[in-house]
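Only one structure is covered here, and it is reproduced in the block below.
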Amino acid sequence: MLQYLDGNEKNNSLELIEQELNELKNENLQDMTLEEQIRWEYLTGVSLDYFSLLTHAYSEIGKAIPYIERALDKVSEFPMKDRIHFEILCRYELSDLYTAVKRQKRQADENQTKMIE
């Protein structure tokens, strides 16, 4: 299962992500297997991130964070050997998201300071 999520698949395009999400769309999150829940959370987070970048809606990037955090929490239930690659993907994604949000906050603060001046 987690091998599907380990990055070997070329699932980094928004089109492919949306296709994967559509496959899961008709299922209730509570009725999904743990693997499907992880997949849903991760793909939703990455989709929000990519969509924000493509549409230049940078202030929306932070909305992806809870999804990736939940995927990371859920994947922790697997043995390390089964989750290591996917956990690395989640941590890289979170790092990028945290950096983007922090940068936006800093830019907003700088803009506000300049306006006051």
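Please note that chains go A, B, ... in the order of the structure tokens, that every chain numbers its residues from 1, and that ligands are numbered from 1 in the order shown.
When the distance limit is 12 Å and only C-alpha atoms are what count, the residues near Lys105 in chain A, minus those fewer than 4 positions from it on the same chain, are Tyr58, Ser59, Ile61, Gly62, Tyr98, Thr99, Ala100, Val101, Asp109, Glu110, Asn111 and Gln112 of chain A.
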Saved selection, atoms kept: N, CA, C and O atoms, as a short mmCIF file (atom, residue, chain, number, x, y, z; two decimals), in the first residue's frame:
```cif
data_model
loop_
_atom_site.label_atom_id
_atom_site.label_comp_id
_atom_site.auth_asym_id
_atom_site.auth_seq_id
_atom_site.Cartn_x
_atom_site.Cartn_y
_atom_site.Cartn_z
N TYR A 58 -1.63 32.71 -3.33
CA TYR A 58 -0.62 32.29 -2.36
C TYR A 58 -1.12 32.32 -0.92
O TYR A 58 -0.66 31.54 -0.09
N SER A 59 -2.07 33.18 -0.63
CA SER A 59 -2.59 33.25 0.74
C SER A 59 -3.38 31.98 1.11
O SER A 59 -3.67 31.76 2.28
N ILE A 61 -2.31 28.87 0.48
CA ILE A 61 -1.40 27.73 0.63
C ILE A 61 -1.51 27.08 2.00
O ILE A 61 -1.47 25.86 2.13
N GLY A 62 -1.68 27.88 3.02
CA GLY A 62 -1.77 27.36 4.39
C GLY A 62 -2.90 26.38 4.61
O GLY A 62 -2.83 25.55 5.53
N TYR A 98 5.14 25.24 5.39
CA TYR A 98 5.46 26.09 6.54
C TYR A 98 6.30 27.29 6.10
O TYR A 98 6.08 28.41 6.55
N THR A 99 7.27 27.05 5.23
CA THR A 99 8.12 28.13 4.74
C THR A 99 7.30 29.16 3.97
O THR A 99 7.47 30.36 4.16
N ALA A 100 6.41 28.69 3.12
CA ALA A 100 5.58 29.60 2.33
C ALA A 100 4.68 30.45 3.22
O ALA A 100 4.55 31.65 3.02
N VAL A 101 4.07 29.83 4.21
CA VAL A 101 3.17 30.55 5.11
C VAL A 101 3.95 31.56 5.95
O VAL A 101 3.53 32.69 6.12
N ASP A 109 3.52 41.48 7.32
CA ASP A 109 3.98 42.35 8.40
C ASP A 109 4.81 43.51 7.84
O ASP A 109 4.67 44.65 8.28
N GLU A 110 5.68 43.20 6.88
CA GLU A 110 6.51 44.25 6.27
C GLU A 110 5.64 45.26 5.52
O GLU A 110 5.87 46.47 5.61
N ASN A 111 4.64 44.77 4.81
CA ASN A 111 3.72 45.66 4.09
C ASN A 111 2.97 46.57 5.06
O ASN A 111 2.80 47.76 4.82
N GLN A 112 2.51 46.00 6.15
CA GLN A 112 1.78 46.77 7.14
C GLN A 112 2.69 47.86 7.75
O GLN A 112 2.27 49.00 7.91
#
```
Worksheet item: Which neighbours of Leu97 in chain A fall inside 9 Å, counting only C-alpha atoms, when residues of the same chain fewer than 5 positions from it are skipped, and could you give them as number ranges by chain?
Response: A: 49, 61-62, 64-65, 92, 102
Any chance you can output those residues with N, CA and C atoms as a PDB file, in the first residue's frame?
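File result-v8.pdb, as written:
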```pdb
ATOM      1  N   ASP A  49      -2.182  22.909  -2.431  1.00  0.00           N
ATOM      2  CA  ASP A  49      -0.901  23.588  -2.597  1.00  0.00           C
ATOM      3  C   ASP A  49      -0.671  23.932  -4.065  1.00  0.00           C
ATOM      4  N   ILE A  61      -2.309  28.868   0.481  1.00  0.00           N
ATOM      5  CA  ILE A  61      -1.396  27.727   0.626  1.00  0.00           C
ATOM      6  C   ILE A  61      -1.512  27.083   2.004  1.00  0.00           C
ATOM      7  N   GLY A  62      -1.682  27.878   3.024  1.00  0.00           N
ATOM      8  CA  GLY A  62      -1.765  27.365   4.388  1.00  0.00           C
ATOM      9  C   GLY A  62      -2.899  26.375   4.610  1.00  0.00           C
ATOM     10  N   ALA A  64      -3.504  23.848   2.995  1.00  0.00           N
ATOM     11  CA  ALA A  64      -3.034  22.494   2.699  1.00  0.00           C
ATOM     12  C   ALA A  64      -2.388  21.829   3.911  1.00  0.00           C
ATOM     13  N   ILE A  65      -1.909  22.631   4.849  1.00  0.00           N
ATOM     14  CA  ILE A  65      -1.137  22.096   5.979  1.00  0.00           C
ATOM     15  C   ILE A  65      -1.885  21.047   6.796  1.00  0.00           C
ATOM     16  N   TYR A  92       8.775  16.793   3.595  1.00  0.00           N
ATOM     17  CA  TYR A  92       9.219  17.781   2.598  1.00  0.00           C
ATOM     18  C   TYR A  92       8.081  18.735   2.238  1.00  0.00           C
ATOM     19  N   LYS A 102       5.104  31.152   6.434  1.00  0.00           N
ATOM     20  CA  LYS A 102       5.939  32.051   7.236  1.00  0.00           C
ATOM     21  C   LYS A 102       6.390  33.251   6.390  1.00  0.00           C
TER      22      LYS A 102
END
```
Fill in: Atomic separation - CA of Met80 in chain A relative to CA of Leu43 in chain A, Å
21.1 Å
Worksheet entry | CA of Gln19 in chain A to CA of Thr55 in chain A, straight-line distance in Å |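 CA of Gln19 in chain A lies 18.8 Å from CA of Thr55 in chain A.
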Worksheet item: For Glu36 in chain A, which residue among A:Pro66, A:Val75, A:Leu53, A:Glu18 is the nearest when counting only C-alpha atoms?
Response: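 Closest to Glu36 in chain A, using only C-alpha atoms: A:Val75.
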Discussion item. Residues near Ile68 in chain A, anyone? I mean within 9 Å using only C-alpha atoms, not counting same-chain ones fewer than 5 positions away, as a list in words.
Written reply: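 Returned residues: Ile38, Glu41, Tyr42, Leu43, Thr44, Gly45, Val46, Asp73, Cys90, Arg91, Glu93 and Leu94 of chain A.
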Using N, CA, C and O atoms, can you export the residues from the last selection as a short mmCIF file (atom, residue, chain, number, x, y, z; two decimals), in the first residue's frame?
```cif
data_model
loop_
_atom_site.label_atom_id
_atom_site.label_comp_id
_atom_site.auth_asym_id
_atom_site.auth_seq_id
_atom_site.Cartn_x
_atom_site.Cartn_y
_atom_site.Cartn_z
N ILE A 38 -5.19 8.01 4.19
CA ILE A 38 -3.88 8.64 4.04
C ILE A 38 -3.76 9.23 2.64
O ILE A 38 -3.32 10.38 2.47
N GLU A 41 -5.99 12.38 2.34
CA GLU A 41 -5.43 13.55 3.04
C GLU A 41 -4.23 14.12 2.28
O GLU A 41 -4.15 15.34 2.06
N TYR A 42 -3.33 13.26 1.87
CA TYR A 42 -2.12 13.73 1.20
C TYR A 42 -2.46 14.38 -0.15
O TYR A 42 -2.00 15.49 -0.44
N LEU A 43 -3.26 13.72 -0.94
CA LEU A 43 -3.60 14.24 -2.26
C LEU A 43 -4.41 15.53 -2.16
O LEU A 43 -4.23 16.44 -2.98
N THR A 44 -5.27 15.63 -1.17
CA THR A 44 -6.04 16.87 -0.99
C THR A 44 -5.09 18.01 -0.64
O THR A 44 -5.19 19.11 -1.19
N GLY A 45 -4.16 17.76 0.28
CA GLY A 45 -3.20 18.79 0.66
C GLY A 45 -2.33 19.24 -0.49
O GLY A 45 -2.16 20.44 -0.74
N VAL A 46 -1.81 18.29 -1.24
CA VAL A 46 -0.96 18.63 -2.37
C VAL A 46 -1.76 19.35 -3.46
O VAL A 46 -1.28 20.30 -4.07
N ASP A 73 0.23 11.96 10.50
CA ASP A 73 -0.22 11.32 11.74
C ASP A 73 -0.72 9.91 11.48
O ASP A 73 -0.40 8.97 12.22
N CYS A 90 5.87 13.59 3.01
CA CYS A 90 5.03 14.46 3.84
C CYS A 90 5.86 15.53 4.52
O CYS A 90 5.47 16.70 4.56
N ARG A 91 7.01 15.15 5.04
CA ARG A 91 7.85 16.13 5.75
C ARG A 91 8.40 17.18 4.80
O ARG A 91 8.47 18.36 5.15
N GLU A 93 6.92 18.17 2.01
CA GLU A 93 5.76 19.00 1.66
C GLU A 93 5.44 19.97 2.80
O GLU A 93 5.22 21.16 2.56
N LEU A 94 5.42 19.47 4.03
CA LEU A 94 5.15 20.35 5.17
C LEU A 94 6.20 21.44 5.31
O LEU A 94 5.87 22.59 5.61
#
```
Item to complete: Figure out the distance between CA of Glu87 in chain A and CA of Leu72 in chain A, please, to one decimal in Å.
Response: 6.3 Å
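When only C-alpha atoms are used to measure the gap to Glu77 in chain A, the shortest distance among A:Glu15, A:Asp96, A:Glu35, A:Leu54 belongs to A:Glu35.
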Discussion item. Quick one: residues within 12 Å of Ser76 in chain A, only C-alpha atoms, excluding same-chain residues fewer than 6 positions away - as JSON, numbers by chain?
Written reply: {"A": [2, 34, 35, 38, 69, 70, 82, 83, 84, 85, 86, 87, 88, 90]}
With N, CA and C atoms retained, could you export that selection as a CSV table (one decimal), in the first residue's frame?
```csv
chain,number,residue,atom,x,y,z
A,2,LEU,N,1.7,1.4,1.0
A,2,LEU,CA,2.4,2.6,1.1
A,2,LEU,C,3.5,2.8,0.0
A,34,LEU,N,-7.5,2.7,6.1
A,34,LEU,CA,-6.5,3.6,6.6
A,34,LEU,C,-5.7,4.1,5.4
A,35,GLU,N,-5.3,3.2,4.5
A,35,GLU,CA,-4.5,3.6,3.4
A,35,GLU,C,-5.2,4.6,2.5
A,38,ILE,N,-5.2,8.0,4.2
A,38,ILE,CA,-3.9,8.6,4.0
A,38,ILE,C,-3.8,9.2,2.6
A,69,GLU,N,-0.5,17.2,7.5
A,69,GLU,CA,-0.3,16.8,8.9
A,69,GLU,C,-1.1,15.6,9.3
A,70,ARG,N,-2.4,15.5,8.9
A,70,ARG,CA,-3.2,14.4,9.2
A,70,ARG,C,-2.7,13.1,8.5
A,82,ASP,N,7.8,0.4,6.3
A,82,ASP,CA,6.7,0.6,5.4
A,82,ASP,C,6.3,2.0,5.1
A,83,ARG,N,6.7,2.9,6.0
A,83,ARG,CA,6.2,4.3,5.9
A,83,ARG,C,7.3,5.3,5.6
A,84,ILE,N,8.6,4.9,5.6
A,84,ILE,CA,9.7,5.8,5.6
A,84,ILE,C,9.6,6.7,4.3
A,85,HIS,N,9.4,6.2,3.2
A,85,HIS,CA,9.4,7.0,1.9
A,85,HIS,C,8.3,8.0,1.9
A,86,PHE,N,7.1,7.5,2.3
A,86,PHE,CA,6.0,8.4,2.3
A,86,PHE,C,6.1,9.5,3.4
A,87,GLU,N,6.6,9.1,4.6
A,87,GLU,CA,6.9,10.1,5.6
A,87,GLU,C,7.8,11.2,5.2
A,88,ILE,N,8.8,10.8,4.4
A,88,ILE,CA,9.8,11.8,3.9
A,88,ILE,C,9.0,12.8,3.0
A,90,CYS,N,5.9,13.6,3.0
A,90,CYS,CA,5.0,14.5,3.8
A,90,CYS,C,5.9,15.5,4.5
```
Worksheet item: A:Leu89, A:Ile116, A:Ala57, A:Ala71: which is nearest Gln104 in chain A, counting only C-alpha atoms?
Response: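 Result for the nearest residue to Gln104 in chain A: A:Ala57.
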